[in-house]
Structures are given as structure tokens and as C-alpha cells.
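Participant: Below is one structure. I have some questions about it.
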Amino acid sequence: MSDCIFCKIASGEIPAKPVYEDDEILAFPDIQPQRPVHILVIPRRHIDSLAQVGPSDEALLGRMLGVAGRIAEAQGSPDGFRVIINTGPIGGQEVMHLHMHIVGGPEPVGPMLKRN
Ligand code: 5GP
Ligand code: ZN
């Protein structure tokens with residue numbers, strides 16, 4: 001996806017400071033952090049959103065979740081964190097390249113959703 005900002009970060013065209021990377025995924029700080037710890041985890045391969053994944057993506061998704069605890073701890077949120085995957089217009093997804101937010105401490109992240 002030539003005009004996808006996260007593909008450009010994954011390819012190195014746009015520089016990011018990875019806090020974790022391997023052959024399939026990359027994690028880097030969110031440009032507009034909403035908590036003291038706010039990291040994005042993306043697959044290197046372009047996938048629009050969680051709504052597009054299938055059985056062949058299960059290992060990749062497992063890997064994204066599997067590194068979250070280590071990243072949160074290393075980034076300064078050892079006592080817990082929250083992962084968020086906004087999906088599609090209903091989920092409030094703004095960048096259409098699958099990504100997982102890791103948000104965390106030192107203070108509690110707060111209520112899961114804004115109450116109506
Ligand atoms: P979404 O609402 O799609 O779940 O979240 C997109 C996130 O990507 C936002 O938190 C936004 O701050 C972040 N973001 C957008 N553009 C960039 C960028 O160029 N670099 C980084 N590091 N984060 C970005
Ligand atoms: Zn992309």
C-alpha cells in the first residue's frame with residue numbers, strides 16, 4: 001500500500017523509533033500519546049483492519065498480543081496495561097493499517113469506554 005503511513009513506517013521510509021521489532025511485527029511510540037505509555041504494534045504486512053483477518057492470520061495476531069506484556073513492562077507500565085484495536089468507522093479506526101494500541105501507567109488507564 002504505497003500511500004499507507006504505517007506501511008511507510010514498516011519499510012523505513014518514514015522513520016520511527018521501534019521499541020520492538022521482528023520479521024513480522026513492529027512496535028513504536030504513538031505520535032500523539034494519550035497515556036504516559038502509548039505504543040502501537042503493527043504487522044509489517046498491510047492488513048486494513050481486524051475485520052479483514054482470517055485463519056491464516058492467527059499466528060500473527062497471537063504474536064502481536066504475545067509481545068504486549070513485555071513491551072508494556074519495558075516501557076514503564078509493569079503493573080498492567082490495556083490493548084485496544086479500533087476497527088472500522090464504528091470502532092473509530094483512523095489509520096487503515098491494522099494496529100494495536102498498548103496504553104499504560106503509571107496511573108490507571110481509566111474506564112474502558114466513556115459513559116453515555
Ligand atoms: P486509530 O484511531 O486508527 O486506532 O489510531 C491511530 C493512531 O495512530 C493515533 O493514536 C495516532 O496518534 C497515531 N498515528 C497517526 N499517524 C502516526 C504517525 O505518523 N506516526 C506515529 N508514530 N503514530 C501515528
Ligand atoms: Zn499499510
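FYI, nothing fancy with the C-alpha cells labels: chains A, B, ... in order, residues from 1 per chain, ligands from 1 as they appear.
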Can you pull out every residue from range 39-76 of chain A that DSSP, working from the backbone, puts in helix (DSSP H, G or I), and format the result as a ChimeraX atom specification?
Facilitator: /A:50-52,55-66,68-75
Participant: For the residues in that selection, give me N, CA and C atoms as a compact mmCIF listing (two decimals), in the first residue's frame.
Facilitator:
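Written output follows (out10.txt):
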```
# COMPACT_ATOMS: atom_id res chain seq x y z
N LEU A 50 -8.82 -5.32 11.73
CA LEU A 50 -9.15 -6.61 12.35
C LEU A 50 -10.35 -7.27 11.67
N ALA A 51 -11.16 -6.47 10.97
CA ALA A 51 -12.31 -7.04 10.27
C ALA A 51 -11.88 -7.85 9.04
N GLN A 52 -10.65 -7.68 8.60
CA GLN A 52 -10.18 -8.37 7.39
C GLN A 52 -9.37 -9.63 7.68
N PRO A 55 -8.23 -17.08 9.25
CA PRO A 55 -7.48 -18.14 9.94
C PRO A 55 -5.97 -18.08 9.67
N SER A 56 -5.58 -17.63 8.48
CA SER A 56 -4.14 -17.61 8.17
C SER A 56 -3.40 -16.49 8.93
N ASP A 57 -4.16 -15.62 9.59
CA ASP A 57 -3.53 -14.52 10.34
C ASP A 57 -3.46 -14.81 11.85
N GLU A 58 -3.91 -15.99 12.25
CA GLU A 58 -3.99 -16.25 13.69
C GLU A 58 -2.64 -16.19 14.38
N ALA A 59 -1.61 -16.72 13.73
CA ALA A 59 -0.28 -16.71 14.36
C ALA A 59 0.24 -15.28 14.50
N LEU A 60 -0.02 -14.49 13.48
CA LEU A 60 0.41 -13.08 13.52
C LEU A 60 -0.29 -12.33 14.66
N LEU A 61 -1.59 -12.53 14.78
CA LEU A 61 -2.35 -11.85 15.84
C LEU A 61 -1.89 -12.33 17.21
N GLY A 62 -1.60 -13.61 17.31
CA GLY A 62 -1.09 -14.16 18.57
C GLY A 62 0.25 -13.54 18.93
N ARG A 63 1.08 -13.32 17.92
CA ARG A 63 2.37 -12.71 18.16
C ARG A 63 2.20 -11.27 18.66
N MET A 64 1.27 -10.52 18.04
CA MET A 64 1.03 -9.13 18.47
C MET A 64 0.61 -9.08 19.94
N LEU A 65 -0.30 -9.96 20.32
CA LEU A 65 -0.74 -9.99 21.72
C LEU A 65 0.36 -10.51 22.63
N GLY A 66 1.12 -11.45 22.11
CA GLY A 66 2.12 -12.12 22.93
C GLY A 66 3.27 -11.24 23.36
N ALA A 68 2.87 -7.96 24.01
CA ALA A 68 2.34 -6.76 24.66
C ALA A 68 2.85 -6.60 26.09
N GLY A 69 2.83 -7.66 26.86
CA GLY A 69 3.24 -7.58 28.25
C GLY A 69 4.70 -7.17 28.40
N ARG A 70 5.54 -7.75 27.57
CA ARG A 70 6.97 -7.42 27.64
C ARG A 70 7.20 -5.97 27.22
N ILE A 71 6.49 -5.52 26.19
CA ILE A 71 6.65 -4.13 25.75
C ILE A 71 6.18 -3.18 26.85
N ALA A 72 5.00 -3.46 27.42
CA ALA A 72 4.45 -2.58 28.46
C ALA A 72 5.42 -2.49 29.64
N GLU A 73 5.94 -3.62 30.05
CA GLU A 73 6.87 -3.61 31.18
C GLU A 73 8.13 -2.82 30.84
N ALA A 74 8.67 -3.07 29.67
CA ALA A 74 9.91 -2.39 29.28
C ALA A 74 9.70 -0.89 29.12
N GLN A 75 8.47 -0.49 28.78
CA GLN A 75 8.20 0.93 28.55
C GLN A 75 7.76 1.66 29.82
```
Participant: Mind checking which residues fall within 7 Å of range 6-8 of chain A, counting only C-alpha atoms, ignoring those fewer than 3 positions away in the same chain, and posting them as JSON, numbers by chain?
Facilitator: {"A": [1, 11, 12, 13, 14, 44, 46, 97]}
Participant: Can you list, as a PyMOL selection string, every protein, DNA or RNA residue that comes within 8 Å of range 27-30 of chain A when you count only C-alpha atoms, leaving out same-chain residues fewer than 5 positions away?
Facilitator: chain A and resi 16-21+38-42
Participant: Hey, which residues come within 7 Å of ligand 1 if we count only C-alpha atoms and all ligand atoms? Could you give them as an mmCIF file with N, CA, C and O atoms, in the first residue's frame?
Facilitator:
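The new file pocket13.cif reads:
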```
data_model
loop_
_atom_site.group_PDB
_atom_site.id
_atom_site.type_symbol
_atom_site.label_atom_id
_atom_site.label_comp_id
_atom_site.auth_asym_id
_atom_site.auth_seq_id
_atom_site.Cartn_x
_atom_site.Cartn_y
_atom_site.Cartn_z
ATOM 1 N N ILE A 5 0.519 5.119 5.730
ATOM 2 C CA ILE A 5 1.557 5.679 6.611
ATOM 3 C C ILE A 5 2.252 4.592 7.434
ATOM 4 O O ILE A 5 3.470 4.652 7.650
ATOM 5 N N ALA A 16 10.772 5.763 12.430
ATOM 6 C CA ALA A 16 10.111 5.628 13.734
ATOM 7 C C ALA A 16 11.163 5.061 14.665
ATOM 8 O O ALA A 16 12.193 4.569 14.193
ATOM 9 N N PHE A 28 6.195 0.823 18.012
ATOM 10 C CA PHE A 28 6.825 2.145 18.097
ATOM 11 C C PHE A 28 5.868 3.083 18.842
ATOM 12 O O PHE A 28 4.651 2.843 18.888
ATOM 13 N N PRO A 29 6.397 4.178 19.412
ATOM 14 C CA PRO A 29 5.535 5.087 20.172
ATOM 15 C C PRO A 29 4.504 5.785 19.286
ATOM 16 O O PRO A 29 4.812 6.181 18.149
ATOM 17 N N ASP A 30 3.309 5.953 19.810
ATOM 18 C CA ASP A 30 2.281 6.731 19.123
ATOM 19 C C ASP A 30 2.735 8.196 19.057
ATOM 20 O O ASP A 30 3.297 8.731 20.011
ATOM 21 N N ILE A 31 2.487 8.834 17.933
ATOM 22 C CA ILE A 31 2.940 10.216 17.731
ATOM 23 C C ILE A 31 2.190 11.189 18.645
ATOM 24 O O ILE A 31 2.713 12.255 18.981
ATOM 25 N N GLN A 32 0.987 10.829 19.047
ATOM 26 C CA GLN A 32 0.200 11.668 19.964
ATOM 27 C C GLN A 32 -0.212 10.828 21.169
ATOM 28 O O GLN A 32 -1.373 10.384 21.264
ATOM 29 N N PRO A 33 0.727 10.581 22.077
ATOM 30 C CA PRO A 33 0.425 9.657 23.186
ATOM 31 C C PRO A 33 -0.729 10.145 24.047
ATOM 32 O O PRO A 33 -0.814 11.322 24.384
ATOM 33 N N ILE A 85 -7.817 -2.290 19.905
ATOM 34 C CA ILE A 85 -7.728 -2.381 18.450
ATOM 35 C C ILE A 85 -8.989 -1.748 17.883
ATOM 36 O O ILE A 85 -10.056 -2.384 17.808
ATOM 37 N N ASN A 86 -8.906 -0.481 17.547
ATOM 38 C CA ASN A 86 -10.042 0.205 16.927
ATOM 39 C C ASN A 86 -10.241 -0.373 15.534
ATOM 40 O O ASN A 86 -9.270 -0.539 14.783
ATOM 41 N N GLY A 92 -13.898 3.565 15.375
ATOM 42 C CA GLY A 92 -13.093 4.786 15.456
ATOM 43 C C GLY A 92 -11.691 4.645 14.891
ATOM 44 O O GLY A 92 -10.788 5.391 15.260
ATOM 45 N N GLN A 93 -11.505 3.691 13.968
ATOM 46 C CA GLN A 93 -10.179 3.498 13.367
ATOM 47 C C GLN A 93 -9.857 4.635 12.409
ATOM 48 O O GLN A 93 -10.646 4.931 11.506
ATOM 49 N N GLU A 94 -8.697 5.277 12.627
ATOM 50 C CA GLU A 94 -8.306 6.396 11.766
ATOM 51 C C GLU A 94 -7.252 6.007 10.752
ATOM 52 O O GLU A 94 -7.246 6.520 9.637
ATOM 53 N N VAL A 95 -6.342 5.132 11.127
ATOM 54 C CA VAL A 95 -5.312 4.663 10.193
ATOM 55 C C VAL A 95 -5.700 3.250 9.755
ATOM 56 O O VAL A 95 -5.787 2.337 10.580
ATOM 57 N N MET A 96 -5.910 3.093 8.450
ATOM 58 C CA MET A 96 -6.429 1.815 7.938
ATOM 59 C C MET A 96 -5.287 0.842 7.636
ATOM 60 O O MET A 96 -5.115 0.363 6.505
ATOM 61 N N HIS A 99 -3.575 -2.057 13.625
ATOM 62 C CA HIS A 99 -2.627 -1.716 14.684
ATOM 63 C C HIS A 99 -3.267 -1.928 16.044
ATOM 64 O O HIS A 99 -4.469 -1.765 16.207
#
```
Participant: Have a look at atom 1 (Zn, counted along the ligand's line) of ligand 2 and CA of Gly54 in chain A and let me know their distance in Å, one decimal.
Facilitator: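 Distance between the two atoms: 17.1 Å.
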Participant: Ranking A:Pro43, A:Pro36, A:Gly105, A:Pro111 by minimum distance to ligand 2 and counting only C-alpha atoms and all ligand atoms, which one comes first?
Facilitator: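 That would be A:Pro43, the residue with the smallest distance to ligand 2.
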Participant: Running DSSP on the backbone, which parts of range 4-56 of chain A land in strand (DSSP E), as a ChimeraX atom specification?
Facilitator: /A:20-21,25-29,37-43
Participant: What gap, in Å, lies between CA of Ser2 in chain A and CA of Gln34 in chain A?
Facilitator: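 It comes out at 27.7 Å.
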Participant: A:Val37, A:Val53, A:His101, A:Met112: which is nearest Pro78 in chain A, counting only C-alpha atoms?
Facilitator: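 Among A:Val37, A:Val53, A:His101, A:Met112, it is A:Val37 that comes nearest to Pro78 in chain A.
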